[in-house]
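Trainee: Sending over input19.txt (compact mmCIF, C-alpha atoms and all ligand atoms).
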# COMPACT_ATOMS: atom_id res chain seq x y z
CA MET A 249 0.00 0.00 0.00
CA GLU A 250 1.18 3.54 -0.74
CA ASP A 251 1.19 6.28 1.86
CA ARG A 252 0.10 9.86 1.19
CA HIS A 253 3.54 10.71 -0.13
CA ALA A 254 3.49 7.98 -2.81
CA ARG A 255 5.88 5.73 -0.90
CA ALA A 256 5.16 1.99 -1.14
CA ILE A 257 5.15 0.61 2.40
CA THR A 258 6.35 -3.00 2.35
CA TYR A 259 8.49 -3.41 5.47
CA LEU A 260 7.40 -3.98 9.09
CA ARG A 261 9.78 -3.75 12.03
CA LEU A 262 8.09 -5.67 14.80
CA SER A 263 9.43 -5.31 18.32
CA VAL A 264 8.86 -8.40 20.45
CA THR A 265 10.17 -7.05 23.78
CA ASP A 266 11.61 -3.88 25.28
CA LEU A 267 13.89 -5.89 27.58
CA CYS A 268 17.52 -6.58 26.78
CA SER A 269 20.45 -8.65 27.94
CA LEU A 270 22.79 -5.65 27.48
CA ARG A 271 22.67 -1.97 28.37
CA CYS A 272 24.39 -0.14 25.55
CA ARG A 273 25.19 3.34 26.75
CA TYR A 274 23.57 5.06 23.76
CA CYS A 275 20.39 3.00 24.01
CA MET A 276 19.49 1.93 27.57
CA PRO A 277 19.54 3.85 30.84
CA ALA A 278 22.25 2.67 33.28
CA ALA A 279 19.65 1.36 35.71
CA GLY A 280 17.96 -0.69 32.99
CA ILE A 281 14.22 -0.49 32.67
CA PRO A 282 11.43 -1.75 34.92
CA LYS A 283 10.03 -5.10 33.83
CA ARG A 284 6.48 -4.66 32.67
CA ASP A 285 3.51 -6.80 33.54
CA HIS A 286 3.24 -9.79 31.27
CA GLY A 287 -0.08 -8.52 29.94
CA ASP A 288 1.38 -5.17 28.83
CA ILE A 289 3.33 -6.87 26.05
CA CYS A 290 1.74 -8.48 23.01
CA SER A 291 1.38 -12.24 23.20
CA VAL A 292 2.87 -14.53 20.56
CA GLU A 293 -0.60 -14.87 19.02
CA GLU A 294 -1.13 -11.09 18.91
CA LEU A 295 2.24 -10.54 17.23
CA VAL A 296 1.44 -13.11 14.56
CA GLU A 297 -2.05 -11.64 14.08
CA ILE A 298 -0.52 -8.17 13.62
CA THR A 299 1.94 -9.61 11.09
CA ARG A 300 -0.95 -11.19 9.19
CA ALA A 301 -2.89 -7.93 9.09
CA ALA A 302 0.23 -6.05 7.96
CA ALA A 303 0.83 -8.59 5.17
CA ASP A 304 -2.78 -8.15 4.08
CA CYS A 305 -1.96 -4.43 3.73
CA GLY A 306 1.07 -5.07 1.51
CA ILE A 307 3.92 -5.77 3.95
CA ARG A 308 6.39 -8.23 2.40
CA LYS A 309 9.42 -8.01 4.68
CA VAL A 310 9.29 -8.37 8.47
CA ARG A 311 12.13 -7.72 10.89
CA LEU A 312 11.87 -8.90 14.50
CA THR A 313 13.63 -6.56 16.88
CA GLY A 314 13.52 -5.26 20.47
CA GLY A 315 15.00 -4.69 23.05
CA GLU A 316 16.75 -7.95 22.44
CA PRO A 317 14.46 -10.33 20.54
CA LEU A 318 16.40 -13.39 21.69
CA VAL A 319 15.46 -12.81 25.35
CA ARG A 320 11.77 -12.91 24.49
CA ARG A 321 10.03 -16.06 25.70
CA GLY A 322 8.42 -17.75 22.72
CA ILE A 323 10.74 -16.12 20.17
CA LEU A 324 10.90 -19.30 18.10
CA ASP A 325 7.08 -19.53 18.05
CA ILE A 326 6.95 -15.89 16.94
CA CYS A 327 9.43 -16.65 14.14
CA ARG A 328 7.54 -19.74 13.02
CA GLY A 329 4.25 -17.85 13.08
CA ALA A 330 5.54 -14.80 11.20
CA ALA A 331 7.39 -16.92 8.61
CA ALA A 332 4.19 -18.81 7.84
CA VAL A 333 2.09 -15.68 7.17
CA PRO A 334 1.04 -15.61 3.50
CA GLY A 335 2.66 -12.66 1.77
CA VAL A 336 5.69 -12.44 4.06
CA GLU A 337 8.59 -13.02 1.67
CA GLU A 338 11.47 -12.27 4.00
CA LEU A 339 11.78 -12.68 7.76
CA CYS A 340 14.79 -10.97 9.33
CA LEU A 341 15.93 -10.47 12.90
CA THR A 342 18.20 -7.90 14.52
CA THR A 343 20.12 -9.10 17.57
CA ASN A 344 23.00 -8.15 19.81
CA GLY A 345 24.29 -11.67 19.16
CA ALA A 346 24.85 -12.59 22.80
CA ALA A 347 22.51 -15.61 22.67
CA LEU A 348 23.09 -16.44 19.04
CA SER A 349 25.50 -19.34 19.55
CA ARG A 350 22.64 -21.22 21.22
CA LEU A 351 19.82 -19.98 19.02
CA ALA A 352 21.20 -19.59 15.49
CA GLY A 353 20.25 -23.13 14.42
CA PRO A 354 16.74 -23.03 15.95
CA LEU A 355 16.11 -19.57 14.41
CA ARG A 356 17.05 -20.86 10.99
CA GLU A 357 14.74 -23.85 11.45
CA ALA A 358 11.97 -21.54 12.62
CA GLY A 359 12.07 -19.69 9.30
CA VAL A 360 14.35 -16.68 9.84
CA ASP A 361 15.99 -15.78 6.51
CA ARG A 362 18.58 -13.19 7.52
CA LEU A 363 20.26 -11.71 10.57
CA ASN A 364 21.62 -8.30 11.50
CA VAL A 365 24.04 -8.44 14.40
CA SER A 366 24.95 -5.30 16.30
CA LEU A 367 28.64 -4.91 17.06
CA ASP A 368 30.08 -1.45 17.69
CA THR A 369 33.64 -2.44 18.58
CA LEU A 370 36.02 -5.33 18.00
CA ARG A 371 37.85 -4.80 21.29
CA PRO A 372 36.71 -6.83 24.30
CA GLU A 373 37.25 -4.09 26.93
CA ARG A 374 35.50 -1.45 24.84
CA TYR A 375 32.65 -3.84 24.18
CA ALA A 376 32.26 -4.53 27.90
CA TYR A 377 32.32 -0.77 28.56
CA MET A 378 29.80 0.22 25.87
CA THR A 379 27.36 -2.60 26.61
CA ARG A 380 27.90 -2.31 30.37
CA GLY A 381 29.11 -5.86 30.85
CA GLY A 382 28.71 -7.67 27.50
CA ARG A 383 31.25 -10.28 26.38
CA LEU A 384 32.54 -9.79 22.86
CA GLU A 385 33.54 -13.44 22.57
CA GLU A 386 29.85 -14.42 22.78
CA VAL A 387 29.07 -12.32 19.70
CA PHE A 388 31.94 -13.89 17.74
CA GLN A 389 30.68 -17.36 18.75
CA GLY A 390 27.19 -16.30 17.70
CA LEU A 391 28.40 -15.16 14.28
CA LYS A 392 30.18 -18.47 13.77
CA ALA A 393 27.07 -20.37 14.80
CA ALA A 394 24.97 -18.29 12.38
CA ALA A 395 27.27 -19.16 9.47
CA ALA A 396 27.28 -22.83 10.51
CA ALA A 397 23.47 -22.79 10.65
CA GLY A 398 23.39 -21.66 7.02
CA PHE A 399 22.68 -17.94 7.42
CA THR A 400 24.03 -15.87 4.54
CA GLY A 401 23.84 -12.15 3.86
CA THR A 402 24.42 -11.37 7.54
CA LYS A 403 24.91 -7.68 8.31
CA LEU A 404 26.95 -6.20 11.11
CA ASN A 405 25.42 -3.01 12.50
CA VAL A 406 28.09 -0.58 13.72
CA VAL A 407 26.85 2.67 15.27
CA LEU A 408 29.58 5.24 14.64
CA MET A 409 30.61 7.25 17.69
CA LYS A 410 33.32 9.85 17.66
CA GLY A 411 35.99 9.12 20.24
CA PHE A 412 34.68 5.61 20.77
CA ASN A 413 35.05 3.54 17.60
CA ASP A 414 36.20 5.92 14.84
CA ASP A 415 39.70 4.47 15.17
CA GLU A 416 38.27 1.01 14.41
CA ILE A 417 36.86 1.88 10.98
CA PRO A 418 39.86 0.18 9.26
CA ASP A 419 39.34 -2.96 11.38
CA PHE A 420 35.67 -3.13 10.41
CA LEU A 421 36.57 -2.61 6.74
CA ASP A 422 39.03 -5.47 7.12
CA ILE A 423 36.16 -7.68 8.38
CA SER A 424 34.17 -6.73 5.26
CA CYS A 425 37.15 -7.86 3.15
CA ARG A 426 37.69 -11.18 4.87
CA TYR A 427 34.11 -12.35 5.44
CA PRO A 428 31.00 -12.39 3.23
CA VAL A 429 29.11 -9.94 5.45
CA GLU A 430 27.90 -6.38 5.02
CA VAL A 431 29.38 -4.03 7.61
CA ARG A 432 26.83 -1.25 8.05
CA PHE A 433 28.05 1.97 9.58
CA ILE A 434 25.04 3.68 11.13
CA GLU A 435 24.86 7.30 12.17
CA LEU A 436 24.00 7.87 15.80
CA MET A 437 20.53 9.39 16.22
CA PRO A 438 19.68 11.88 18.99
CA ILE A 439 17.03 9.69 20.55
CA GLY A 440 16.88 8.77 24.24
CA GLU A 441 20.32 7.93 25.59
CA GLY A 442 21.74 8.46 22.10
CA ARG A 443 21.89 12.18 22.85
CA ASN A 444 24.76 11.51 25.27
CA ALA A 445 27.17 9.99 22.72
CA GLN A 446 29.25 11.83 20.11
CA PHE A 447 27.99 11.90 16.52
CA LEU A 448 30.29 11.09 13.61
CA PRO A 449 29.06 11.46 10.03
CA ALA A 450 29.28 8.21 8.04
CA GLU A 451 30.98 10.18 5.27
CA ALA A 452 34.10 9.90 7.50
CA VAL A 453 34.35 6.25 6.38
CA LEU A 454 34.69 7.35 2.75
CA GLU A 455 37.01 10.25 3.52
CA SER A 456 39.53 8.01 5.25
CA ASN A 457 39.12 5.14 2.73
CA PRO A 458 38.76 6.71 -0.73
CA TYR A 459 39.54 3.38 -2.40
CA LEU A 460 36.05 2.02 -1.54
CA ARG A 461 34.15 1.34 -4.76
CA PRO A 462 30.49 2.31 -4.95
CA LEU A 463 27.90 -0.41 -5.57
CA GLU A 464 24.21 -0.10 -6.27
CA GLY A 465 22.44 1.14 -3.13
CA SER A 466 20.04 -1.05 -1.23
CA GLY A 467 17.02 0.38 0.55
CA VAL A 468 18.20 3.32 2.61
CA ALA A 469 21.91 2.37 2.45
CA ARG A 470 24.73 3.61 0.25
CA ARG A 471 26.90 0.58 -0.49
CA TYR A 472 30.57 0.00 -1.28
CA ARG A 473 33.15 -2.73 -1.59
CA SER A 474 36.87 -2.80 -0.94
CA PRO A 475 38.77 -3.99 -4.01
CA GLY A 476 38.89 -7.78 -3.75
CA GLY A 477 36.71 -7.83 -0.63
CA ARG A 478 34.39 -10.77 0.00
CA GLY A 479 31.84 -8.65 1.78
CA THR A 480 30.39 -5.16 1.39
CA VAL A 481 30.13 -1.89 3.29
CA GLY A 482 26.91 0.03 3.88
CA LEU A 483 26.40 3.58 5.11
CA ILE A 484 23.12 4.39 6.86
CA GLU A 485 22.90 8.15 7.23
CA PRO A 486 19.64 9.25 8.80
CA MET A 487 21.26 12.54 9.89
CA SER A 488 23.57 13.52 7.01
CA ARG A 489 21.45 12.24 4.12
CA ARG A 490 17.88 12.16 5.23
CA PHE A 491 16.37 9.15 3.41
CA CYS A 492 12.73 9.75 4.40
CA ALA A 493 11.69 9.98 0.72
CA GLN A 494 12.76 6.33 0.33
CA CYS A 495 11.25 5.17 3.63
CA ASP A 496 9.26 1.97 3.10
CA ARG A 497 8.60 0.92 6.70
CA ILE A 498 6.27 1.01 9.64
CA ARG A 499 7.03 -0.10 13.17
CA VAL A 500 5.04 -1.86 15.85
CA THR A 501 6.22 -1.72 19.45
CA ALA A 502 6.11 -4.68 21.84
CA ASP A 503 3.10 -3.12 23.57
CA GLY A 504 1.20 -3.07 20.30
CA LYS A 505 1.51 0.55 19.13
CA LEU A 506 1.98 1.16 15.42
CA LYS A 507 4.48 3.95 14.84
CA PRO A 508 4.19 5.37 11.32
CA CYS A 509 7.59 7.07 11.77
CA LEU A 510 10.47 6.25 14.12
CA HIS A 511 10.91 9.92 14.96
CA SER A 512 7.30 10.95 15.47
CA ASN A 513 5.35 10.46 18.70
CA GLN A 514 2.27 9.51 16.73
CA GLU A 515 1.10 6.02 17.77
CA ILE A 516 -1.90 3.91 16.82
CA SER A 517 -2.95 1.26 19.30
CA LEU A 518 -3.50 -2.14 17.75
CA ARG A 519 -4.27 -4.17 20.84
CA GLY A 520 -7.76 -5.59 21.11
CA LEU A 521 -8.36 -5.15 17.38
CA HIS A 522 -9.00 -8.11 15.09
CA GLY A 523 -9.90 -8.86 11.50
CA GLU A 524 -10.98 -5.88 9.44
CA ALA A 525 -10.65 -3.46 12.39
CA LEU A 526 -6.99 -4.43 12.76
CA ARG A 527 -6.34 -4.15 9.02
CA GLN A 528 -8.00 -0.72 9.00
CA ALA A 529 -5.78 0.44 11.88
CA VAL A 530 -2.70 -0.69 9.92
CA ARG A 531 -3.96 1.15 6.84
CA ASP A 532 -4.58 4.25 8.99
CA GLY A 533 -1.00 3.99 10.27
CA ILE A 534 0.43 3.78 6.78
CA ALA A 535 -1.69 6.70 5.64
CA ALA A 536 -0.51 8.73 8.63
CA LYS A 537 3.20 8.46 7.81
CA PRO A 538 4.72 11.93 8.06
CA GLU A 539 6.75 13.12 5.11
CA ARG A 540 10.01 13.30 7.06
CA HIS A 541 11.71 13.67 10.42
CA HIS A 542 12.91 16.99 11.82
CA MET A 543 16.04 15.95 13.72
CA ASN A 544 18.31 18.09 11.57
CA GLU A 545 16.40 21.24 12.54
CA THR A 546 15.66 20.41 16.18
CA GLY A 547 18.68 18.26 17.09
CA ARG A 548 16.42 15.72 18.74
CA SER A 549 14.01 12.96 17.86
CA GLU A 550 10.33 13.46 18.59
CA ALA A 551 9.85 9.70 19.03
CA GLY A 552 8.64 10.01 22.63
CA ARG A 553 10.30 6.65 23.38
CA SER A 554 13.81 5.29 23.63
CA MET A 555 15.35 3.10 20.96
CA HIS A 556 15.03 -0.12 22.99
CA GLN A 557 11.29 0.57 23.24
CA ILE A 558 10.94 0.87 19.47
CA GLY A 559 13.55 -1.41 17.95
CA GLY A 560 15.60 0.83 15.71
N1 LIG A 601 19.03 -5.51 20.66
C1 LIG A 601 19.10 -5.64 19.26
C2 LIG A 601 20.39 -5.08 18.72
O1 LIG A 601 21.08 -4.37 19.46
O2 LIG A 601 20.70 -5.36 17.57
C3 LIG A 601 17.92 -5.01 18.52
C4 LIG A 601 17.39 -3.71 19.01
S1 LIG A 601 18.49 -2.32 18.83
C5 LIG A 601 17.51 -1.00 19.48
C6 LIG A 601 18.46 -2.07 17.06
C7 LIG A 601 19.60 -1.24 16.51
O3 LIG A 601 19.43 0.10 16.92
C8 LIG A 601 20.98 -1.68 16.97
O4 LIG A 601 21.81 -1.90 15.84
C9 LIG A 601 21.47 -0.50 17.77
O5 LIG A 601 22.86 -0.35 17.69
C10 LIG A 601 20.71 0.64 17.11
N2 LIG A 601 20.61 1.85 17.93
C11 LIG A 601 20.21 1.96 19.21
N3 LIG A 601 20.22 3.25 19.61
C12 LIG A 601 20.63 3.98 18.54
C13 LIG A 601 20.85 5.38 18.30
N4 LIG A 601 20.64 6.29 19.24
N5 LIG A 601 21.25 5.76 17.06
C14 LIG A 601 21.47 4.84 16.08
N6 LIG A 601 21.28 3.51 16.25
C15 LIG A 601 20.86 3.09 17.46
FE1 LIG A 602 20.07 -3.84 23.95
FE2 LIG A 602 20.25 -3.52 21.33
FE3 LIG A 602 19.81 -1.40 22.92
FE4 LIG A 602 22.17 -2.58 23.01
S1 LIG A 602 21.27 -1.53 21.22
S2 LIG A 602 20.92 -1.97 24.80
S3 LIG A 602 21.68 -4.65 22.64
S4 LIG A 602 18.43 -3.07 22.59
Taking this structure as input, can you express it in the form of structure tokens?
Ligand code: SAM
Ligand code: SF4

Mentor:
Amino acid sequence: MEDRHARAITYLRLSVTDLCSLRCRYCMPAAGIPKRDHGDICSVEELVEITRAAADCGIRKVRLTGGEPLVRRGILDICRGAAAVPGVEELCLTTNGAALSRLAGPLREAGVDRLNVSLDTLRPERYAYMTRGGRLEEVFQGLKAAAAAGFTGTKLNVVLMKGFNDDEIPDFLDISCRYPVEVRFIELMPIGEGRNAQFLPAEAVLESNPYLRPLEGSGVARRYRSPGGRGTVGLIEPMSRRFCAQCDRIRVTADGKLKPCLHSNQEISLRGLHGEALRQAVRDGIAAKPERHHMNETGRSEAGRSMHQIGG
């Protein structure tokens, strides 16, 4: 279905929990977040029903996210249910990778097609610092398990932060040369805790590595390859190169609110709706998509929620 700005909306980012096993400094408050009542979060059945309604409205790609989707009880049932929805052509999942060594095989069997794994540094002490206690080795084991389980086209999400990981850009490019993965450098957005970290434009990757060869873009990413590299490099630049005109997505939070735009506080409640009423609410959400965000002018997101409560 097209929105009012003639954009075809085909991609749903579905958050399955706002809880997480890590506390990345730019995403989660230091104290973590209070656990909600079980009933405040959509059940497995509700999440699958929402996916079905979204597919009926033209959604073809679904990404499960969070919080950390792999800490959600019933995650494999959610995957199986979403993968089986008629019309869903691609089921993806974004994870911090900490539980992937155990779950990669079961996720593959449950119908997940592709993974994005978030990894902002390749240095164990930095990783422990940024995630407030995470173990980098677990992510490496998870990536190995994902490859062994047959996942291909895996992407590594790297949020660029000045003074934190800008000196690791060459190391990440090296990973994109040696492994068949896409390393995606993502610009930090001024949302929630993200306002406390230091922004670095993704253009810095090109400036310091002019040998990168441009490839055809994909979705909202500019893409490149190092000469002879097995993998690719993506730049996601919500701040420097606003890609709202190419936006093809809607989001649903774990508590069942459809967000037409990541950076707008507009939310449409889906809980308690079924059948045609649910489909109409999804259509209303698509129709309500604002033309663009205003972070460049205001310096802050108007999301009204933190990233872990939306899912990126
Ligand atoms: N826990 C999973 C993970 O970390 O991959 C999924 C949820 S996380 C909110 C989704 C993505 O959003 C991650 O790649 C994370 O690095 C990114 N993210 C979180 N806060 C951000 C911010 N302020 N700006 C840009 N990306 C952010
Ligand atoms: Fe958790 Fe992902 Fe946020 Fe890190 S970025 S705190 S892993 S939800």

Trainee: Please identify every polymer residue within 8 Å of ligand LIG 602 (chain A), using all atoms listed in the file, and present the set as JSON, numbers by chain.

Mentor: {"A": [266, 267, 268, 269, 270, 271, 272, 273, 274, 275, 276, 314, 315, 316, 343, 344, 366, 379, 555, 556, 559]}

Trainee: With only C-alpha atoms as the basis for distance, which of A:Ser474, A:Arg321, A:Arg252, A:Ala346 is at the shortest distance from Gly381 (chain A)?

Mentor: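 Smallest separation from Gly381 (chain A) among the options: A:Ala346.
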
Trainee: Write out as a ChimeraX atom specification which residues come within 12 Å of Arg350 (chain A) when counting all atoms listed in the file, dropping same-chain ones fewer than 4 positions away.

Mentor: /A:318-319,345-346,354-356,386-387,389-394,396-397

Trainee: Find the distance between CA of Glu524 (chain A) and CA of Arg284 (chain A) and write it in Å to one decimal.

Mentor: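 Distance reported for this atom pair: 29.1 Å.
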
Trainee: Nearest to Ser466 (chain A) among A:Thr299, A:Gln494, A:Thr402, A:Asn364, with distances taken over only C-alpha atoms: which residue is it?

Mentor: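 Going through A:Thr299, A:Gln494, A:Thr402, A:Asn364 one by one, the smallest distance to Ser466 (chain A) is for A:Gln494.
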
Trainee: Report as CSV the residues of region 282-327 of chain A within 7 Å of region 525-535 of chain A, each with its shortest atom pair and distance in Å (one decimal), using only C-alpha atoms, ordered by chain and increasing residue number.

Mentor:
residue,atom,partner,partner_atom,distance
A:Ala301,CA,A:Arg527,CA,5.1
A:Ala302,CA,A:Val530,CA,6.4
A:Cys305,CA,A:Arg531,CA,6.7

Trainee: Sorted by chain and rising residue number, list the residues of region 304-421 of chain A at most 8 Å from region 436-449 of chain A (counting all atoms listed in the file), each with its closest atom pair and distance in Å to one decimal, as JSON lines.

Mentor:
{"residue": "A:Val407", "atom": "CA", "partner": "A:Leu436", "partner_atom": "CA", "distance": 6.0}
{"residue": "A:Leu408", "atom": "CA", "partner": "A:Leu448", "partner_atom": "CA", "distance": 6.0}
{"residue": "A:Met409", "atom": "CA", "partner": "A:Gln446", "partner_atom": "CA", "distance": 5.4}
{"residue": "A:Lys410", "atom": "CA", "partner": "A:Gln446", "partner_atom": "CA", "distance": 5.1}
{"residue": "A:Gly411", "atom": "CA", "partner": "A:Gln446", "partner_atom": "CA", "distance": 7.3}
{"residue": "A:Asp414", "atom": "CA", "partner": "A:Leu448", "partner_atom": "CA", "distance": 7.9}

Trainee: How many Å lie between CA of Phe412 (chain A) and CA of Met378 (chain A), rounded to one decimal?

Mentor: 8.9 Å

Trainee: Which of these residues is nearest to Ser517 (chain A), using all atoms listed in the file: A:Cys290, A:Ile323, A:Ala330, A:Ile434?

Mentor: A:Cys290

Trainee: Kindly indicate which residue among A:Leu510, A:Arg478, A:Cys425, A:Glu485 lies nearest to Glu451 (chain A), using all atoms listed in the file for the distances.

Mentor: A:Glu485

Trainee: Any idea what the distance is between atom N1 of ligand LIG 601 (chain A) and CA of His286 (chain A)?

Mentor: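 CA of His286 (chain A) lies 19.5 Å from atom N1 of ligand LIG 601 (chain A).
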
Trainee: Pick from A:Arg380, A:Pro458, A:Phe388, A:Val360: nearest to Gly280 (chain A), with only C-alpha atoms counted?

Mentor: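 Of the candidates, the smallest distance to Gly280 (chain A) is held by A:Arg380.
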
Trainee: Name all residues at most 7 Å from Thr342 (chain A) (count only C-alpha atoms; drop same-chain ones fewer than 3 positions away) and give them as a CSV table (one decimal) with C-alpha atoms, in the coordinates of the input.

Mentor:
chain,number,residue,atom,x,y,z
A,312,LEU,CA,11.9,-8.9,14.5
A,313,THR,CA,13.6,-6.6,16.9
A,363,LEU,CA,20.3,-11.7,10.6
A,364,ASN,CA,21.6,-8.3,11.5
A,365,VAL,CA,24.0,-8.4,14.4

Trainee: Measuring atom to atom with all atoms listed in the file, identify which of A:Ala452, A:Ile516, A:Ala502, A:Val429 is nearest to ligand LIG 601 (chain A).

Mentor: A:Ala502

Trainee: Find the residues near Asn513 (chain A): any atom within 10 Å, counting all atoms listed in the file, skip ones fewer than 2 places away on the same chain, and give them as a VMD selection string.

Mentor: chain A and resid 507 to 511 515 to 516 549 to 553

Trainee: Could you dump the residues just selected with C-alpha atoms as a short mmCIF file (atom, residue, chain, number, x, y, z; two decimals), in the frame of the given file?

Mentor:
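Once everything was written out, this is part01.cif:
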data_model
loop_
_atom_site.label_atom_id
_atom_site.label_comp_id
_atom_site.auth_asym_id
_atom_site.auth_seq_id
_atom_site.Cartn_x
_atom_site.Cartn_y
_atom_site.Cartn_z
CA LYS A 507 4.48 3.95 14.84
CA PRO A 508 4.19 5.37 11.32
CA CYS A 509 7.59 7.07 11.77
CA LEU A 510 10.47 6.25 14.12
CA HIS A 511 10.91 9.92 14.96
CA GLU A 515 1.10 6.02 17.77
CA ILE A 516 -1.90 3.91 16.82
CA SER A 549 14.01 12.96 17.86
CA GLU A 550 10.33 13.46 18.59
CA ALA A 551 9.85 9.70 19.03
CA GLY A 552 8.64 10.01 22.63
CA ARG A 553 10.30 6.65 23.38
#

Trainee: Excluding Val453 (chain A) and its own-chain neighbours fewer than 3 positions away, which residues fall within 9 Å of it when counting all atoms listed in the file? Please give them as a list in words.

Mentor: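 The filter keeps Asp414, Ile417, Pro418, Phe433, Pro449, Ala450, Ser456, Asn457, Pro458 and Leu483 of chain A.
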
Trainee: Counting all atoms listed in the file, select every polymer residue within 10 Å of (-2.7, -10.5, 5.2) as defined in the file's coordinates, and provide the selection as a ChimeraX atom specification.

Mentor: /A:297-308,333-336,523,527
